[in-house]
Every structure is written in C-alpha cells, then in structure tokens.
file work-v8.pdb (PDB, C-alpha atoms, pLDDT in the B column)
ATOM      1  CA  MET E1213     -26.347  10.325  23.477  1.00 51.00           C
ATOM      2  CA  LYS E1214     -22.630  11.109  23.458  1.00 51.00           C
ATOM      3  CA  ASN E1215     -21.856   7.495  22.444  1.00 50.00           C
ATOM      4  CA  ILE E1216     -24.379   7.629  19.600  1.00 46.00           C
ATOM      5  CA  LEU E1217     -22.814  10.855  18.272  1.00 40.00           C
ATOM      6  CA  SER E1218     -19.343   9.276  18.480  1.00 43.00           C
ATOM      7  CA  ILE E1219     -20.534   6.210  16.571  1.00 40.00           C
ATOM      8  CA  LEU E1220     -22.167   8.398  13.905  1.00 36.00           C
ATOM      9  CA  ALA E1221     -19.004  10.491  13.555  1.00 41.00           C
ATOM     10  CA  VAL E1222     -16.801   7.383  13.128  1.00 37.00           C
ATOM     11  CA  THR E1223     -19.299   5.908  10.643  1.00 37.00           C
ATOM     12  CA  ALA E1224     -19.282   9.164   8.627  1.00 40.00           C
ATOM     13  CA  ILE E1225     -15.468   9.199   8.529  1.00 39.00           C
ATOM     14  CA  ILE E1226     -15.332   5.563   7.393  1.00 40.00           C
ATOM     15  CA  ALA E1227     -18.050   6.166   4.780  1.00 41.00           C
ATOM     16  CA  SER E1228     -16.286   9.236   3.375  1.00 42.00           C
ATOM     17  CA  ASN E1229     -12.993   7.324   3.142  1.00 42.00           C
ATOM     18  CA  THR E1230     -14.770   4.420   1.439  1.00 39.00           C
ATOM     19  CA  VAL E1231     -16.336   6.734  -1.158  1.00 39.00           C
ATOM     20  CA  THR E1232     -12.919   8.294  -1.826  1.00 37.00           C
ATOM     21  CA  ALA E1233     -11.352   4.858  -2.213  1.00 40.00           C
ATOM     22  CA  GLN E1234     -14.094   3.776  -4.629  1.00 40.00           C
ATOM     23  CA  VAL E1235     -13.674   6.922  -6.732  1.00 40.00           C
ATOM     24  CA  ALA E1236      -9.895   6.390  -6.860  1.00 42.00           C
ATOM     25  CA  THR E1237     -10.452   2.755  -7.888  1.00 47.00           C
ATOM     26  CA  ILE E1238     -12.951   3.714 -10.592  1.00 50.00           C
ATOM     27  CA  ASP E1239     -10.602   6.419 -11.909  1.00 49.00           C
ATOM     28  CA  SER E1240      -7.649   4.025 -12.034  1.00 47.00           C
ATOM     29  CA  VAL E1241      -9.713   1.350 -13.819  1.00 51.00           C
ATOM     30  CA  ALA E1242     -10.871   3.896 -16.385  1.00 55.00           C
ATOM     31  CA  THR E1243      -7.265   4.538 -17.422  1.00 59.00           C
ATOM     32  CA  SER E1244      -6.433   0.803 -17.787  1.00 74.00           C
ATOM     33  CA  LYS E1245      -7.023  -1.309 -20.888  1.00 85.00           C
ATOM     34  CA  VAL E1246      -9.859  -3.802 -20.444  1.00 91.00           C
ATOM     35  CA  GLN E1247      -9.094  -7.246 -21.858  1.00 92.00           C
ATOM     36  CA  HIS E1248     -11.459 -10.161 -22.424  1.00 93.00           C
ATOM     37  CA  PHE E1249     -10.343 -13.790 -22.868  1.00 90.00           C
ATOM     38  CA  ASN E1250     -12.039 -17.149 -23.321  1.00 94.00           C
ATOM     39  CA  PHE E1251      -9.887 -20.106 -22.242  1.00 92.00           C
ATOM     40  CA  ASP E1252     -12.009 -22.431 -24.403  1.00 93.00           C
ATOM     41  CA  ASP E1253     -10.990 -20.502 -27.543  1.00 94.00           C
ATOM     42  CA  MET E1254      -7.268 -20.424 -26.676  1.00 95.00           C
ATOM     43  CA  GLU E1255      -4.860 -22.906 -28.185  1.00 95.00           C
ATOM     44  CA  SER E1256      -2.887 -25.036 -25.715  1.00 96.00           C
ATOM     45  CA  GLU E1257       0.862 -25.170 -25.965  1.00 95.00           C
ATOM     46  CA  THR E1258       2.792 -28.271 -24.981  1.00 95.00           C
ATOM     47  CA  ILE E1259       5.625 -27.251 -22.674  1.00 94.00           C
ATOM     48  CA  GLY E1260       6.780 -30.652 -21.430  1.00 94.00           C
ATOM     49  CA  LYS E1261       5.887 -34.322 -21.372  1.00 95.00           C
ATOM     50  CA  GLY E1262       2.220 -34.449 -20.365  1.00 97.00           C
ATOM     51  CA  ILE E1263       2.095 -30.680 -19.680  1.00 97.00           C
ATOM     52  CA  LYS E1264      -0.064 -28.259 -21.666  1.00 97.00           C
ATOM     53  CA  ARG E1265      -0.872 -24.670 -20.787  1.00 96.00           C
ATOM     54  CA  LYS E1266      -3.100 -21.790 -21.862  1.00 97.00           C
ATOM     55  CA  TRP E1267      -2.314 -18.403 -20.422  1.00 96.00           C
ATOM     56  CA  PHE E1268      -2.807 -14.674 -20.671  1.00 94.00           C
ATOM     57  CA  HIS E1269      -1.593 -11.650 -18.763  1.00 93.00           C
ATOM     58  CA  GLY E1270      -2.727  -8.215 -17.780  1.00 92.00           C
ATOM     59  CA  GLU E1271      -0.489  -5.363 -16.713  1.00 91.00           C
ATOM     60  CA  LYS E1272       0.244  -6.732 -13.226  1.00 93.00           C
ATOM     61  CA  GLY E1273      -0.634 -10.411 -13.169  1.00 95.00           C
ATOM     62  CA  GLN E1274      -1.329 -13.473 -15.229  1.00 96.00           C
ATOM     63  CA  MET E1275      -3.551 -16.532 -15.218  1.00 97.00           C
ATOM     64  CA  THR E1276      -2.695 -19.992 -16.546  1.00 97.00           C
ATOM     65  CA  ILE E1277      -4.572 -23.238 -16.953  1.00 98.00           C
ATOM     66  CA  PHE E1278      -2.302 -26.274 -16.905  1.00 98.00           C
ATOM     67  CA  ASN E1279      -3.580 -29.619 -18.138  1.00 98.00           C
ATOM     68  CA  LEU E1280      -1.350 -32.265 -16.602  1.00 98.00           C
ATOM     69  CA  GLU E1281      -1.429 -35.910 -17.607  1.00 98.00           C
ATOM     70  CA  LYS E1282      -0.886 -38.507 -14.878  1.00 98.00           C
ATOM     71  CA  ASP E1283       2.857 -38.651 -14.000  1.00 98.00           C
ATOM     72  CA  ALA E1284       3.605 -35.228 -15.555  1.00 98.00           C
ATOM     73  CA  HIS E1285       6.413 -33.475 -13.695  1.00 97.00           C
ATOM     74  CA  ILE E1286       7.220 -29.765 -13.330  1.00 97.00           C
ATOM     75  CA  PRO E1287      10.821 -29.647 -12.009  1.00 96.00           C
ATOM     76  CA  TRP E1288      12.103 -27.794  -8.932  1.00 96.00           C
ATOM     77  CA  HIS E1289      12.127 -24.056  -9.604  1.00 96.00           C
ATOM     78  CA  LYS E1290      11.442 -20.662  -8.095  1.00 96.00           C
ATOM     79  CA  HIS E1291      10.564 -17.238  -9.451  1.00 96.00           C
ATOM     80  CA  PRO E1292      10.144 -13.682  -8.129  1.00 96.00           C
ATOM     81  CA  ASN E1293       6.354 -13.958  -8.393  1.00 96.00           C
ATOM     82  CA  GLU E1294       3.713 -14.934  -5.883  1.00 98.00           C
ATOM     83  CA  GLN E1295       1.901 -18.023  -7.208  1.00 98.00           C
ATOM     84  CA  ILE E1296      -1.624 -19.007  -6.252  1.00 98.00           C
ATOM     85  CA  THR E1297      -2.438 -22.536  -7.414  1.00 98.00           C
ATOM     86  CA  TYR E1298      -6.008 -23.832  -7.469  1.00 98.00           C
ATOM     87  CA  ILE E1299      -6.346 -27.505  -8.378  1.00 98.00           C
ATOM     88  CA  MET E1300      -9.639 -27.539 -10.282  1.00 98.00           C
ATOM     89  CA  SER E1301      -9.650 -31.327 -10.653  1.00 98.00           C
ATOM     90  CA  GLY E1302      -7.189 -34.145 -10.080  1.00 98.00           C
ATOM     91  CA  LYS E1303      -4.370 -34.376  -7.566  1.00 98.00           C
ATOM     92  CA  VAL E1304      -0.726 -33.291  -7.381  1.00 98.00           C
ATOM     93  CA  LYS E1305       2.161 -33.931  -5.036  1.00 98.00           C
ATOM     94  CA  ILE E1306       4.201 -30.803  -4.403  1.00 98.00           C
ATOM     95  CA  LYS E1307       7.643 -30.444  -2.882  1.00 98.00           C
ATOM     96  CA  THR E1308       8.295 -27.005  -1.399  1.00 98.00           C
ATOM     97  CA  ILE E1309       9.900 -25.252   1.566  1.00 97.00           C
ATOM     98  CA  ILE E1310       7.696 -24.883   4.659  1.00 96.00           C
ATOM     99  CA  ASP E1311       9.152 -23.365   7.837  1.00 95.00           C
ATOM    100  CA  GLY E1312      12.683 -23.720   6.414  1.00 95.00           C
ATOM    101  CA  LYS E1313      12.370 -27.449   5.597  1.00 97.00           C
ATOM    102  CA  GLU E1314      11.639 -29.349   2.388  1.00 97.00           C
ATOM    103  CA  GLU E1315       8.134 -30.773   2.705  1.00 98.00           C
ATOM    104  CA  PHE E1316       5.743 -32.717   0.483  1.00 98.00           C
ATOM    105  CA  VAL E1317       2.094 -31.662   0.245  1.00 98.00           C
ATOM    106  CA  ILE E1318      -0.760 -33.402  -1.571  1.00 98.00           C
ATOM    107  CA  VAL E1319      -3.185 -30.912  -3.133  1.00 98.00           C
ATOM    108  CA  SER E1320      -6.467 -32.266  -4.535  1.00 98.00           C
ATOM    109  CA  GLY E1321      -9.340 -30.866  -6.601  1.00 98.00           C
ATOM    110  CA  GLY E1322     -10.937 -27.867  -4.890  1.00 98.00           C
ATOM    111  CA  GLU E1323      -7.821 -27.029  -2.854  1.00 98.00           C
ATOM    112  CA  VAL E1324      -5.478 -24.044  -3.106  1.00 98.00           C
ATOM    113  CA  ILE E1325      -1.803 -23.577  -2.242  1.00 98.00           C
ATOM    114  CA  VAL E1326       0.001 -20.214  -2.251  1.00 98.00           C
ATOM    115  CA  PHE E1327       3.750 -19.889  -2.863  1.00 98.00           C
ATOM    116  CA  PRO E1328       5.311 -16.579  -1.812  1.00 98.00           C
ATOM    117  CA  GLU E1329       7.879 -15.106  -4.195  1.00 97.00           C
ATOM    118  CA  ASN E1330      11.185 -17.007  -4.479  1.00 97.00           C
ATOM    119  CA  VAL E1331       9.922 -20.102  -2.619  1.00 98.00           C
ATOM    120  CA  PRO E1332      11.046 -23.199  -4.583  1.00 98.00           C
ATOM    121  CA  HIS E1333       8.450 -25.780  -5.593  1.00 98.00           C
ATOM    122  CA  GLU E1334       8.062 -28.898  -7.741  1.00 98.00           C
ATOM    123  CA  PHE E1335       4.933 -30.702  -8.989  1.00 98.00           C
ATOM    124  CA  TRP E1336       4.064 -34.323  -9.827  1.00 98.00           C
ATOM    125  CA  ALA E1337       0.609 -35.108 -11.228  1.00 98.00           C
ATOM    126  CA  LEU E1338      -0.722 -38.120  -9.328  1.00 98.00           C
ATOM    127  CA  GLU E1339      -3.650 -38.292 -11.750  1.00 98.00           C
ATOM    128  CA  LYS E1340      -4.957 -36.296 -14.702  1.00 98.00           C
ATOM    129  CA  THR E1341      -5.131 -32.751 -13.300  1.00 98.00           C
ATOM    130  CA  VAL E1342      -6.415 -29.303 -14.247  1.00 98.00           C
ATOM    131  CA  ASP E1343      -4.483 -26.583 -12.403  1.00 98.00           C
ATOM    132  CA  LEU E1344      -5.348 -22.865 -12.466  1.00 98.00           C
ATOM    133  CA  ASP E1345      -2.384 -20.660 -11.514  1.00 98.00           C
ATOM    134  CA  VAL E1346      -2.277 -16.918 -10.899  1.00 98.00           C
ATOM    135  CA  HIS E1347       1.123 -15.181 -10.843  1.00 97.00           C
ATOM    136  CA  VAL E1348       1.735 -11.630  -9.625  1.00 97.00           C
ATOM    137  CA  PRO E1349       3.555  -9.835 -11.107  1.00 96.00           C
ATOM    138  CA  VAL E1350       3.599 -11.163 -14.683  1.00 94.00           C
ATOM    139  CA  ARG E1351       6.167 -13.930 -15.257  1.00 93.00           C
ATOM    140  CA  HIS E1352       8.618 -12.067 -17.497  1.00 89.00           C
ATOM    141  CA  ASP E1353      10.411 -15.341 -18.212  1.00 88.00           C
ATOM    142  CA  TRP E1354       7.225 -16.484 -19.999  1.00 89.00           C
ATOM    143  CA  LEU E1355       6.907 -13.426 -22.256  1.00 88.00           C
ATOM    144  CA  SER E1356       9.489 -14.745 -24.721  1.00 83.00           C
ATOM    145  CA  LYS E1357       8.793 -17.902 -26.720  1.00 75.00           C
ATOM    146  CA  GLU E1358      11.816 -19.495 -25.004  1.00 78.00           C
ATOM    147  CA  LEU E1359      10.942 -21.943 -22.212  1.00 79.00           C
ATOM    148  CA  PRO E1360      12.499 -21.296 -18.790  1.00 79.00           C
ATOM    149  CA  ASP E1361      15.493 -23.568 -18.064  1.00 79.00           C
ATOM    150  CA  TYR E1362      13.611 -25.701 -15.529  1.00 80.00           C
ATOM    151  CA  LEU E1363      10.964 -26.597 -18.150  1.00 77.00           C
ATOM    152  CA  LYS E1364      13.614 -27.536 -20.703  1.00 73.00           C
ATOM    153  CA  LYS E1365      14.413 -30.452 -18.365  1.00 68.00           C
ATOM    154  CA  THR E1366      11.042 -32.071 -19.114  1.00 68.00           C
ATOM    155  CA  GLU E1367      10.732 -34.140 -22.263  1.00 57.00           C
ATOM    156  CA  LYS E1368       8.084 -33.130 -24.803  1.00 56.00           C
TER     157      LYS E1368
END

call {"tool": "encode", "arguments": {"input": "work-v8.pdb", "output": "structure tokens"}}
result
Amino acid sequence: MKNILSILAVTAIIASNTVTAQVATIDSVATSKVQHFNFDDMESETIGKGIKRKWFHGEKGQMTIFNLEKDAHIPWHKHPNEQITYIMSGKVKIKTIIDGKEEFVIVSGGEVIVFPENVPHEFWALEKTVDLDVHVPVRHDWLSKELPDYLKKTEK
C-alpha cells in the first residue's frame, strides 16, 4: 500500500508540473505572432550556379528549401546557427568536421544531418536534390539582400 501511495504522489507531482508547463507554453504562444506560409506560392531566388532557395523565418528560427541541380556546390562555410538538413530527394556529398577531423559524408533522400553552431561544412549535389534546412537562431546574414561572402564564390 505504501508503494502505491508513493507512486500516486509522484504521478500527481509530475501531472501538476506538466499542466503548469502546458499553461506556460500556451501563454507564451498567445503572445507570439502566428505566421502561415506556403512554399509552393513562394518565388525561388537563384543564389549560385544551380542553387535556388525559398525561405522564411519566425522569431527564433528559419526554414529553407534548396533546389540543387546536379554538380551545384555550396562552398566551405560556418555560421553561429545550428543547422538541421533533411535531404528530401537526391543526394549530396558533404565535407565537415567530425571528431576534430575533416570528413566526407554522403547524405541521400530521407536522411538528416545536424551541424552544431560554428561547425564548417560544404555541399556538392551528386544529383538533382531538394534539401530542407532549419536554422536556429535566424541567420542574420540572410536578412539583408546581400549574399554571404561564401555564396558570392559560386557563379550564378
């Protein structure tokens, strides 16, 4: 009986903390601006040879769809943002730093790779590729119409 009462007490504590967390989350969402986007309606911008992107941002993060032609190249770069890359279709070769060494990784449709902030990386499209990237926080270097220096190295 004592064990059952202990389990019920722990469950009640967890449940009350969960309700509090949900209320705090709902309150914080209510004060944020809701945005709604449709990638199909967005115009692509060409940012390099064989590289087009569509993107939007919220207050804390952003999402980008890259359409990469075969042999498109995104040069070696890094940024103070975590980057989650989901290859929706196609295949890319990526150079990055893993365990302190430069490594090459092949990432194919359906696979994800995560780059922590300030970890350099470089992409080559091995075939026509659709790449969905999420950056947190927002890439401030993208907020101006000026391309970042590393993208200026690609030919349009």

call {"tool": "atom_distance", "arguments": {"input": "work-v8.pdb", "atom1": "atom CA of Glu1334 of chain E", "atom2": "atom CA of Phe1249 of chain E"}}
result
28.2 Å

call {"tool": "resolve_selection", "arguments": {"input": "work-v8.pdb", "expression": "the PyMOL selection byres ((chain E and resi 1272) around 6)", "output": "PyMOL selection string"}}
result
chain E and resi 1270-1271+1273+1349-1350

call {"tool": "resolve_selection", "arguments": {"input": "work-v8.pdb", "expression": "the PyMOL selection byres ((chain E and resi 1297) around 10)", "output": "mmCIF file with C-alpha atoms, in the frame of the given file"}}
result
data_model
loop_
_atom_site.group_PDB
_atom_site.id
_atom_site.type_symbol
_atom_site.label_atom_id
_atom_site.label_comp_id
_atom_site.auth_asym_id
_atom_site.auth_seq_id
_atom_site.Cartn_x
_atom_site.Cartn_y
_atom_site.Cartn_z
ATOM 1 C CA MET E 1275 -3.551 -16.532 -15.218
ATOM 2 C CA THR E 1276 -2.695 -19.992 -16.546
ATOM 3 C CA ILE E 1277 -4.572 -23.238 -16.953
ATOM 4 C CA GLU E 1294 3.713 -14.934 -5.883
ATOM 5 C CA GLN E 1295 1.901 -18.023 -7.208
ATOM 6 C CA ILE E 1296 -1.624 -19.007 -6.252
ATOM 7 C CA TYR E 1298 -6.008 -23.832 -7.469
ATOM 8 C CA ILE E 1299 -6.346 -27.505 -8.378
ATOM 9 C CA MET E 1300 -9.639 -27.539 -10.282
ATOM 10 C CA VAL E 1319 -3.185 -30.912 -3.133
ATOM 11 C CA GLU E 1323 -7.821 -27.029 -2.854
ATOM 12 C CA VAL E 1324 -5.478 -24.044 -3.106
ATOM 13 C CA ILE E 1325 -1.803 -23.577 -2.242
ATOM 14 C CA VAL E 1326 0.001 -20.214 -2.251
ATOM 15 C CA PHE E 1327 3.750 -19.889 -2.863
ATOM 16 C CA ASP E 1343 -4.483 -26.583 -12.403
ATOM 17 C CA LEU E 1344 -5.348 -22.865 -12.466
ATOM 18 C CA ASP E 1345 -2.384 -20.660 -11.514
ATOM 19 C CA VAL E 1346 -2.277 -16.918 -10.899
ATOM 20 C CA HIS E 1347 1.123 -15.181 -10.843
#

call {"tool": "residues_around", "arguments": {"input": "work-v8.pdb", "residues": "segment 1354-1359 of chain E", "least_positions_apart": "2", "cutoff": "10 Å", "atoms": "all atoms listed in the file", "output": "PyMOL selection string"}}
result
chain E and resi 1259-1260+1267-1269+1350-1352+1361-1365

call {"tool": "write_last_selection", "arguments": {"input": "work-v8.pdb", "atoms": "C-alpha atoms", "output": "short mmCIF file (atom, residue, chain, number, x, y, z; two decimals), keeping the file's coordinate frame"}}
result
data_model
loop_
_atom_site.label_atom_id
_atom_site.label_comp_id
_atom_site.auth_asym_id
_atom_site.auth_seq_id
_atom_site.Cartn_x
_atom_site.Cartn_y
_atom_site.Cartn_z
CA ILE E 1259 5.62 -27.25 -22.67
CA GLY E 1260 6.78 -30.65 -21.43
CA TRP E 1267 -2.31 -18.40 -20.42
CA PHE E 1268 -2.81 -14.67 -20.67
CA HIS E 1269 -1.59 -11.65 -18.76
CA VAL E 1350 3.60 -11.16 -14.68
CA ARG E 1351 6.17 -13.93 -15.26
CA HIS E 1352 8.62 -12.07 -17.50
CA ASP E 1361 15.49 -23.57 -18.06
CA TYR E 1362 13.61 -25.70 -15.53
CA LEU E 1363 10.96 -26.60 -18.15
CA LYS E 1364 13.61 -27.54 -20.70
CA LYS E 1365 14.41 -30.45 -18.36
#

call {"tool": "residues_around", "arguments": {"input": "work-v8.pdb", "residues": "segment 1307-1310 of chain E", "least_positions_apart": "3", "cutoff": "6 Å", "atoms": "all atoms listed in the file", "output": "compact mmCIF listing (two decimals) with C-alpha atoms, in the coordinates of the input"}}
result
# COMPACT_ATOMS: atom_id res chain seq x y z
CA LYS E 1313 12.37 -27.45 5.60
CA GLU E 1314 11.64 -29.35 2.39
CA GLU E 1315 8.13 -30.77 2.70
CA PHE E 1316 5.74 -32.72 0.48
CA PRO E 1332 11.05 -23.20 -4.58
CA HIS E 1333 8.45 -25.78 -5.59
CA GLU E 1334 8.06 -28.90 -7.74

call {"tool": "atom_distance", "arguments": {"input": "work-v8.pdb", "atom1": "atom CA of Ile1306 of chain E", "atom2": "atom CA of Lys1282 of chain E"}}
result
14.0 Å

call {"tool": "atom_distance", "arguments": {"input": "work-v8.pdb", "atom1": "atom CA of Val1348 of chain E", "atom2": "atom CA of Ala1284 of chain E"}}
result
24.4 Å

call {"tool": "closest_residue", "arguments": {"input": "work-v8.pdb", "among": "E:Ala1337, E:Val1246, E:Ile1318, E:Val1331", "to": "Ile1286 of chain E", "atoms": "only C-alpha atoms"}}
result
E:Ala1337

call {"tool": "residues_around", "arguments": {"input": "work-v8.pdb", "residues": "Ser1301 of chain E", "least_positions_apart": "4", "cutoff": "9 Å", "atoms": "only C-alpha atoms", "output": "MDAnalysis selection string"}}
result
chainID E and resid 1320:1322 1340:1343

call {"tool": "resolve_selection", "arguments": {"input": "work-v8.pdb", "expression": "the PyMOL selection byres ((chain E and resi 1264) around 9)", "output": "list in words"}}
result
Ser1256, Glu1257, Thr1258, Ile1259, Gly1260, Lys1261, Gly1262, Ile1263, Arg1265, Lys1266, Ile1277, Phe1278, Asn1279, Leu1280 and Glu1281 of chain E
